[in-house]
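J.: Before we start, here is the structure in question, set down as structure tokens.
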Amino acid sequence: MLQELTIRNFAIIESLNLSFQEGMTVLTGETGAGKSIIIDALGLLVGGRGSVDFIRHGEEKLEIQGLFTINPHNKGCLDALHSNGIDASDGMVVLERILFQSGKNTCRINGKLATTVVLREIGSRLIDIHSQHEHQELMNDEFHLQLLDRFAWNDIASTLAKYQTKYVAYTEMKAKWRNWTKNEQELAQRLDMLRFQQDEITSANLRLGEEEALMEQKHVLANFEKINESLQNAYTALQGEERGLEFISEAMRHVASASDILPEYKALSESVASSFYLLEDSAMQIRQELDKLEFQPDELDTIETRLNELSQLKRKYGKTVEAIIQYNEDIDQEIVELSDRETHLDQLEKDLEKAKDQLHELATKLTTIRQKSAKQLEKQIKDELNELYMEKAIFQVNFATQANEFTENGVDKVAFYMSTNPGEPLKPLSKVASGGELSRMMLALKTIFSRHQGITSIIFDEVDTGVSGRVAQAIAEKIYAVAVGSQVLCISHLPQVAAMADHHFYISKATTANRTMTSVTPLSGEEKIEEISRMIAGIEVTDVTKQHANEMLTQAMKIKAQKQT
């Protein structure tokens with residue numbers, strides 16, 4: 001359930017802090033006041049697509065935060081949080097999203113940085129936002145299979161997951177089979193090329209770490225003259241005539257002589273003597289290194305040739321020697337398979353047929369589950385539509401199953417068919433339903449899904465489009481029924497819906513210092529009567545409309561009391 005929502009610098013909203021409760025909350029106000037903007041902000045918070053156009057003019061960033069409590073039965077959300085390493089042991093989730101003018105996007109869940117993908121994964125399990133876009137999806141047959149699977153989720157989830165795993169393996173195996181059944185000449189050319197590559201790599205006699213060792217040797221040989229000159233100068237400075245060690249030797253003798261007279265100089269004498277012997281030993285080592293140095297121009301040429309050979313191989317087969325060796329191992333396996341193509345192809349075809357049989361078995365299970373669930377959905381939709389004054393409507397889930405045409409979701413194509421008037425044949429939903437009928441159909445689906453899912457926050461953005469009169473009252477009662485024991489936020493222009501609400505927010509906008517700002521005011525008592533009167537009458541509110549509004553609220557209280565018992 002959504003408890004707190006904070007919005008800053010989103011469109012015409014400068015700063016907004018809202019607290020929500022269980023039950024049905026309605027948001028009303030003049031067109032353009034910012035009602036849908038609040039829903040858009042919620043959509044962005046739960047992973048919707050962001051755009052810098054959302055940021056309030058003149059501001060550097062927008063910020064949205066939401067505090068949610070988790071239904072203990074919402075296993076999908078709890079599992080998603082756990083799998084992403086997010087602690088929600090206290091049953092609370094804080095979502096945060098910041099969007100900058102630069103396009104940078106920052107998302108956090110309980111203070112932990114997250115991607116928009118993770119935000120969407122968890123957000124979709126916390127709230128369900130119904131918008132006009134879903135009306136459009138309901139008109140699309142491609143969307144109907146998803147809706148049926150959502151209805152049947154508890155029964156179908158495990159089998160669908162197994163099927164999709166097998167489907168990925170099957171498609172990969174089938175692609176491999178296609179490659180192996182190509183033109184004989186192509187495969188022969190491929191085998192010749194692989195053998196040439198293998199011979200070239202094998203004859204190079206590659207060794208791990210060889211390139212690094214060659215580079216080090218090259219560095220030494222390329223700087224031979226400088227190394228030789230430096231060592232020679234160092235040796236001359238130490239051992240040359242009347243040079244370093246000779247003077248230090250003389251100093252050592254003099255300090256030793258002084259220490260014979262004054263014992264307090266003994267430590268100094270030992271220090272000078274130690275330095276002399278260390279330098280003498282270093283001079284000897286320099287001499288030994290000079291004796292070992294021998295310039296070999298041919299060796300440098302050999303190293304350059306070998307490095308060039310390695311460079312050529314890296315351009316062809318891999319960025320490193322290790323990658324080239326791995327490539328050689330990979331093509332070795334393919335050469336074996338190509339050399340014995342018939343045997344390998346025969347085994348691949350057997351494996352493919354086995355995988356196809358397994359896929360067919362799982363697809364058949366999916367179809368069985370879906371057909372059983374479709375009957376249940378048809379009955380429940382019929383019951384819901386009866387309560388929405390579409391008692392003459394007939395709803396049917398139509399299956400077009402093609403046994404061997406496997407897709408990611410099985411072999412079923414599903415379309416919702418409907419007849420809204422007696423005597424009329426069943427036709428695809430997109431061809432028979434009006435705007436008001438689509439609104440009632442979507443509300444029926446949402447009512448049913450709210451019973452099957454752990455999501456306890458449902459957002460309706462003008463679900464009452466295209467209805468009036470007794471249908472409007474039926475929709476109001478249906479929305480309230482969904483809200484019992486959960487939470488519904490609803491944007492509406494219908495007074496019947498507003499009258500049924502447990503909580504009422506009035507959305508308005510005002511211009512201050514040439515800037516437009518949206519504000520939200522909780523309504524109760526006379527304020528609520530006034531707003532419902534405005535919704536009934538339009539601009540001019542009269543005593544008659546107020547009386548009508550009061551009667552609607554009184555009647556709504558009676559209906560709500562009946563539904564709670």
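Residue names in the structure tokens use chain letters A, B, ... in the order shown, residue numbers from 1 in each chain, and ligand numbers from 1 in the order shown.
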Determine, counting only C-alpha atoms, which protein, DNA and RNA residues have an atom within 10 Å of an atom of Gly410 of chain A; residues of the same chain fewer than 3 positions away are not included. Present the result as a VMD selection string.
T.: chain A and resid 160 163 to 164 167 359 to 360 362 to 367 401 to 407 413
J.: Mind checking which residues fall within 9 Å of Ile381 of chain A, counting only C-alpha atoms, ignoring those fewer than 6 positions away in the same chain, and posting them as number ranges by chain?
T.: A: 395, 441, 444-445, 448
J.: Could you list, as a PyMOL selection string, every residue within 9 Å of Gly34 of chain A, counting only C-alpha atoms and ignoring same-chain residues fewer than 3 positions away?
T.: chain A and resi 11-13+29-31+37-38+507-509+518-519
J.: Out of segment 173-270 of chain A, which residues get alpha helix (DSSP H) from DSSP, as a tab-separated table (two decimals) with N, CA and C atoms, in the first residue's frame?
T.:
```tsv
chain	number	residue	atom	x	y	z
A	173	MET	N	19.17	-24.90	-30.64
A	173	MET	CA	19.48	-26.17	-31.29
A	173	MET	C	19.02	-26.15	-32.76
A	174	LYS	N	17.86	-25.55	-33.00
A	174	LYS	CA	17.33	-25.49	-34.36
A	174	LYS	C	18.20	-24.60	-35.25
A	175	ALA	N	18.71	-23.50	-34.68
A	175	ALA	CA	19.61	-22.62	-35.44
A	175	ALA	C	20.89	-23.37	-35.80
A	176	LYS	N	21.37	-24.17	-34.86
A	176	LYS	CA	22.58	-24.96	-35.11
A	176	LYS	C	22.32	-26.00	-36.19
A	177	TRP	N	21.15	-26.63	-36.15
A	177	TRP	CA	20.78	-27.61	-37.17
A	177	TRP	C	20.72	-26.97	-38.55
A	178	ARG	N	20.17	-25.77	-38.63
A	178	ARG	CA	20.10	-25.06	-39.92
A	178	ARG	C	21.51	-24.83	-40.48
A	179	ASN	N	22.42	-24.44	-39.59
A	179	ASN	CA	23.80	-24.22	-40.03
A	179	ASN	C	24.42	-25.50	-40.58
A	180	TRP	N	24.07	-26.63	-39.95
A	180	TRP	CA	24.65	-27.90	-40.37
A	180	TRP	C	24.01	-28.47	-41.63
A	184	GLU	N	26.54	-28.23	-49.15
A	184	GLU	CA	27.74	-29.06	-48.93
A	184	GLU	C	29.01	-28.29	-49.24
A	185	GLN	N	28.98	-27.51	-50.32
A	185	GLN	CA	30.18	-26.76	-50.72
A	185	GLN	C	30.58	-25.74	-49.66
A	186	GLU	N	29.58	-25.08	-49.06
A	186	GLU	CA	29.86	-24.11	-48.00
A	186	GLU	C	30.54	-24.78	-46.81
A	187	LEU	N	30.03	-25.95	-46.43
A	187	LEU	CA	30.60	-26.65	-45.29
A	187	LEU	C	32.02	-27.13	-45.58
A	188	ALA	N	32.26	-27.60	-46.82
A	188	ALA	CA	33.61	-28.03	-47.20
A	188	ALA	C	34.58	-26.86	-47.17
A	189	GLN	N	34.12	-25.71	-47.65
A	189	GLN	CA	34.97	-24.50	-47.61
A	189	GLN	C	35.24	-24.09	-46.16
A	190	ARG	N	34.24	-24.22	-45.34
A	190	ARG	CA	34.40	-23.88	-43.92
A	190	ARG	C	35.44	-24.81	-43.27
A	191	LEU	N	35.39	-26.10	-43.58
A	191	LEU	CA	36.33	-27.06	-43.02
A	191	LEU	C	37.76	-26.75	-43.48
A	192	ASP	N	37.93	-26.43	-44.77
A	192	ASP	CA	39.26	-26.08	-45.28
A	192	ASP	C	39.81	-24.84	-44.57
A	193	MET	N	38.95	-23.85	-44.38
A	193	MET	CA	39.40	-22.62	-43.73
A	193	MET	C	39.83	-22.87	-42.28
A	194	LEU	N	39.02	-23.68	-41.57
A	194	LEU	CA	39.34	-23.98	-40.17
A	194	LEU	C	40.65	-24.75	-40.06
A	195	ARG	N	40.88	-25.69	-40.98
A	195	ARG	CA	42.13	-26.45	-40.94
A	195	ARG	C	43.33	-25.55	-41.22
A	196	PHE	N	43.17	-24.61	-42.15
A	196	PHE	CA	44.25	-23.66	-42.42
A	196	PHE	C	44.56	-22.82	-41.18
A	197	GLN	N	43.49	-22.35	-40.52
A	197	GLN	CA	43.68	-21.54	-39.32
A	197	GLN	C	44.34	-22.36	-38.22
A	198	GLN	N	43.90	-23.60	-38.07
A	198	GLN	CA	44.48	-24.45	-37.03
A	198	GLN	C	45.97	-24.70	-37.30
A	199	ASP	N	46.33	-24.96	-38.58
A	199	ASP	CA	47.74	-25.18	-38.93
A	199	ASP	C	48.57	-23.93	-38.64
A	200	GLU	N	48.02	-22.78	-38.98
A	200	GLU	CA	48.76	-21.53	-38.78
A	200	GLU	C	49.00	-21.28	-37.29
A	201	ILE	N	47.99	-21.52	-36.46
A	201	ILE	CA	48.13	-21.27	-35.02
A	201	ILE	C	49.05	-22.32	-34.39
A	202	THR	N	48.88	-23.58	-34.79
A	202	THR	CA	49.68	-24.67	-34.21
A	202	THR	C	51.16	-24.49	-34.55
A	203	SER	N	51.45	-24.15	-35.82
A	203	SER	CA	52.84	-23.98	-36.24
A	203	SER	C	53.52	-22.81	-35.55
A	210	GLU	N	54.72	-15.60	-23.30
A	210	GLU	CA	55.85	-15.41	-24.22
A	210	GLU	C	55.94	-13.95	-24.68
A	211	GLU	N	54.83	-13.36	-25.01
A	211	GLU	CA	54.85	-12.00	-25.55
A	211	GLU	C	55.42	-11.01	-24.53
A	212	GLU	N	55.03	-11.16	-23.28
A	212	GLU	CA	55.53	-10.25	-22.24
A	212	GLU	C	57.04	-10.40	-22.07
A	213	ALA	N	57.53	-11.66	-22.10
A	213	ALA	CA	58.97	-11.90	-21.96
A	213	ALA	C	59.75	-11.29	-23.13
A	214	LEU	N	59.21	-11.42	-24.34
A	214	LEU	CA	59.87	-10.86	-25.53
A	214	LEU	C	59.92	-9.33	-25.46
A	215	MET	N	58.85	-8.75	-25.00
A	215	MET	CA	58.82	-7.29	-24.88
A	215	MET	C	59.88	-6.80	-23.91
A	216	GLU	N	60.08	-7.55	-22.82
A	216	GLU	CA	61.08	-7.18	-21.83
A	216	GLU	C	62.49	-7.31	-22.42
A	217	GLN	N	62.74	-8.39	-23.16
A	217	GLN	CA	64.05	-8.57	-23.80
A	217	GLN	C	64.31	-7.47	-24.83
A	218	LYS	N	63.26	-7.15	-25.58
A	218	LYS	CA	63.39	-6.09	-26.59
A	218	LYS	C	63.77	-4.76	-25.94
A	219	HIS	N	63.16	-4.49	-24.81
A	219	HIS	CA	63.44	-3.24	-24.10
A	219	HIS	C	64.90	-3.17	-23.67
A	220	VAL	N	65.43	-4.31	-23.19
A	220	VAL	CA	66.83	-4.35	-22.75
A	220	VAL	C	67.77	-4.15	-23.93
A	221	LEU	N	67.53	-4.88	-25.03
A	221	LEU	CA	68.42	-4.79	-26.19
A	221	LEU	C	68.36	-3.41	-26.85
A	222	ALA	N	67.18	-2.82	-26.88
A	222	ALA	CA	67.04	-1.50	-27.50
A	222	ALA	C	67.77	-0.43	-26.71
A	224	PHE	N	70.69	-1.08	-24.93
A	224	PHE	CA	71.97	-1.67	-24.57
A	224	PHE	C	73.05	-0.60	-24.35
A	225	GLU	N	73.19	0.30	-25.30
A	225	GLU	CA	74.27	1.30	-25.22
A	225	GLU	C	74.12	2.16	-23.97
A	226	LYS	N	72.91	2.56	-23.66
A	226	LYS	CA	72.69	3.42	-22.50
A	226	LYS	C	73.02	2.66	-21.20
A	227	ILE	N	72.61	1.37	-21.13
A	227	ILE	CA	72.90	0.56	-19.93
A	227	ILE	C	74.40	0.38	-19.77
A	228	ASN	N	75.08	0.05	-20.89
A	228	ASN	CA	76.53	-0.17	-20.85
A	228	ASN	C	77.28	1.09	-20.41
A	229	GLU	N	76.88	2.22	-20.98
A	229	GLU	CA	77.55	3.49	-20.64
A	229	GLU	C	77.31	3.85	-19.18
A	230	SER	N	76.10	3.65	-18.70
A	230	SER	CA	75.78	4.00	-17.31
A	230	SER	C	76.59	3.14	-16.32
A	231	LEU	N	76.66	1.82	-16.59
A	231	LEU	CA	77.42	0.94	-15.70
A	231	LEU	C	78.91	1.27	-15.76
A	232	GLN	N	79.43	1.56	-16.96
A	232	GLN	CA	80.85	1.89	-17.11
A	232	GLN	C	81.19	3.15	-16.33
A	233	ASN	N	80.38	4.17	-16.43
A	233	ASN	CA	80.62	5.43	-15.71
A	233	ASN	C	80.56	5.22	-14.20
A	234	ALA	N	79.59	4.36	-13.78
A	234	ALA	CA	79.47	4.10	-12.34
A	234	ALA	C	80.71	3.38	-11.82
A	235	TYR	N	81.21	2.41	-12.61
A	235	TYR	CA	82.39	1.68	-12.17
A	235	TYR	C	83.61	2.59	-12.12
A	236	THR	N	83.78	3.44	-13.15
A	236	THR	CA	84.92	4.37	-13.20
A	236	THR	C	84.87	5.33	-12.02
A	237	ALA	N	83.66	5.79	-11.70
A	237	ALA	CA	83.52	6.73	-10.58
A	237	ALA	C	83.95	6.11	-9.26
A	238	LEU	N	83.75	4.78	-9.14
A	238	LEU	CA	84.12	4.12	-7.90
A	238	LEU	C	85.57	3.64	-7.89
A	239	GLN	N	86.04	3.05	-9.01
A	239	GLN	CA	87.33	2.36	-9.03
A	239	GLN	C	88.39	3.04	-9.91
A	244	GLY	N	86.38	7.65	-6.36
A	244	GLY	CA	85.57	7.48	-5.15
A	244	GLY	C	86.12	6.57	-4.09
A	245	LEU	N	86.40	5.32	-4.41
A	245	LEU	CA	86.81	4.37	-3.37
A	245	LEU	C	88.19	4.71	-2.80
A	246	GLU	N	89.05	5.25	-3.65
A	246	GLU	CA	90.39	5.63	-3.16
A	246	GLU	C	90.28	6.70	-2.10
A	247	PHE	N	89.44	7.70	-2.34
A	247	PHE	CA	89.27	8.77	-1.35
A	247	PHE	C	88.57	8.26	-0.09
A	248	ILE	N	87.59	7.36	-0.28
A	248	ILE	CA	86.87	6.83	0.90
A	248	ILE	C	87.81	5.95	1.72
A	249	SER	N	88.71	5.21	1.04
A	249	SER	CA	89.69	4.38	1.75
A	249	SER	C	90.60	5.24	2.60
A	250	GLU	N	91.01	6.38	2.02
A	250	GLU	CA	91.88	7.30	2.77
A	250	GLU	C	91.12	7.87	3.97
A	251	ALA	N	89.87	8.24	3.76
A	251	ALA	CA	89.06	8.77	4.87
A	251	ALA	C	88.90	7.73	5.96
A	252	MET	N	88.75	6.47	5.55
A	252	MET	CA	88.58	5.38	6.51
A	252	MET	C	89.81	5.25	7.39
A	253	ARG	N	90.98	5.36	6.76
A	253	ARG	CA	92.22	5.24	7.53
A	253	ARG	C	92.35	6.38	8.53
A	254	HIS	N	92.02	7.60	8.09
A	254	HIS	CA	92.15	8.76	8.99
A	254	HIS	C	91.18	8.68	10.16
A	255	VAL	N	89.93	8.28	9.91
A	255	VAL	CA	88.95	8.19	11.01
A	255	VAL	C	89.35	7.07	11.97
A	256	ALA	N	89.91	5.97	11.42
A	256	ALA	CA	90.38	4.87	12.27
A	256	ALA	C	91.51	5.33	13.17
A	257	SER	N	92.40	6.16	12.58
A	257	SER	CA	93.52	6.68	13.38
A	257	SER	C	93.01	7.55	14.52
A	258	ALA	N	92.00	8.39	14.23
A	258	ALA	CA	91.42	9.26	15.27
A	258	ALA	C	90.73	8.43	16.34
A	259	SER	N	90.11	7.32	15.94
A	259	SER	CA	89.40	6.49	16.92
A	259	SER	C	90.36	5.76	17.83
A	260	ASP	N	91.61	5.56	17.33
A	260	ASP	CA	92.60	4.93	18.19
A	260	ASP	C	92.96	5.87	19.34
A	261	ILE	N	92.86	7.16	19.05
A	261	ILE	CA	93.20	8.15	20.09
A	261	ILE	C	91.98	8.37	20.99
A	266	LYS	N	84.92	5.56	17.58
A	266	LYS	CA	84.94	4.19	17.06
A	266	LYS	C	83.70	3.89	16.21
A	267	ALA	N	82.52	4.31	16.69
A	267	ALA	CA	81.28	4.09	15.93
A	267	ALA	C	81.34	4.76	14.57
A	268	LEU	N	81.88	5.98	14.54
A	268	LEU	CA	82.02	6.71	13.28
A	268	LEU	C	82.97	5.98	12.35
A	269	SER	N	84.09	5.47	12.93
A	269	SER	CA	85.09	4.75	12.14
A	269	SER	C	84.46	3.50	11.52
A	270	GLU	N	83.63	2.78	12.30
A	270	GLU	CA	82.98	1.57	11.80
A	270	GLU	C	81.97	1.90	10.70
```
J.: What does the structure give for the distance between atom CA of Met92 of chain A and atom CA of Leu523 of chain A, in Å to one decimal?
T.: 27.7 Å
J.: Counting only C-alpha atoms, what is within 10 Å of Val117 of chain A, bar same-chain residues fewer than 3 positions away, as an NGL selection string?
T.: :A and (46-48 or 107 or 114 or 120-123)
J.: Next, write the just-selected residues to a file, as a PDB file, in the first residue's frame, keeping C-alpha atoms as the atom set.
T.:
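See part.pdb below for the written result:
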```pdb
ATOM      1  CA  VAL A  46       7.810   2.676 -10.326  1.00  0.00           C
ATOM      2  CA  GLY A  47      10.094   2.503 -13.357  1.00  0.00           C
ATOM      3  CA  GLY A  48       8.224   4.262 -16.161  1.00  0.00           C
ATOM      4  CA  CYS A 107      17.067   5.247  -8.646  1.00  0.00           C
ATOM      5  CA  ALA A 114      19.152   0.322  -8.442  1.00  0.00           C
ATOM      6  CA  ARG A 120      10.218  -1.444 -12.666  1.00  0.00           C
ATOM      7  CA  GLU A 121      10.386  -5.087 -11.536  1.00  0.00           C
ATOM      8  CA  ILE A 122       9.632  -4.191  -7.918  1.00  0.00           C
ATOM      9  CA  GLY A 123       7.369  -1.215  -8.610  1.00  0.00           C
TER      10      GLY A 123
END
```
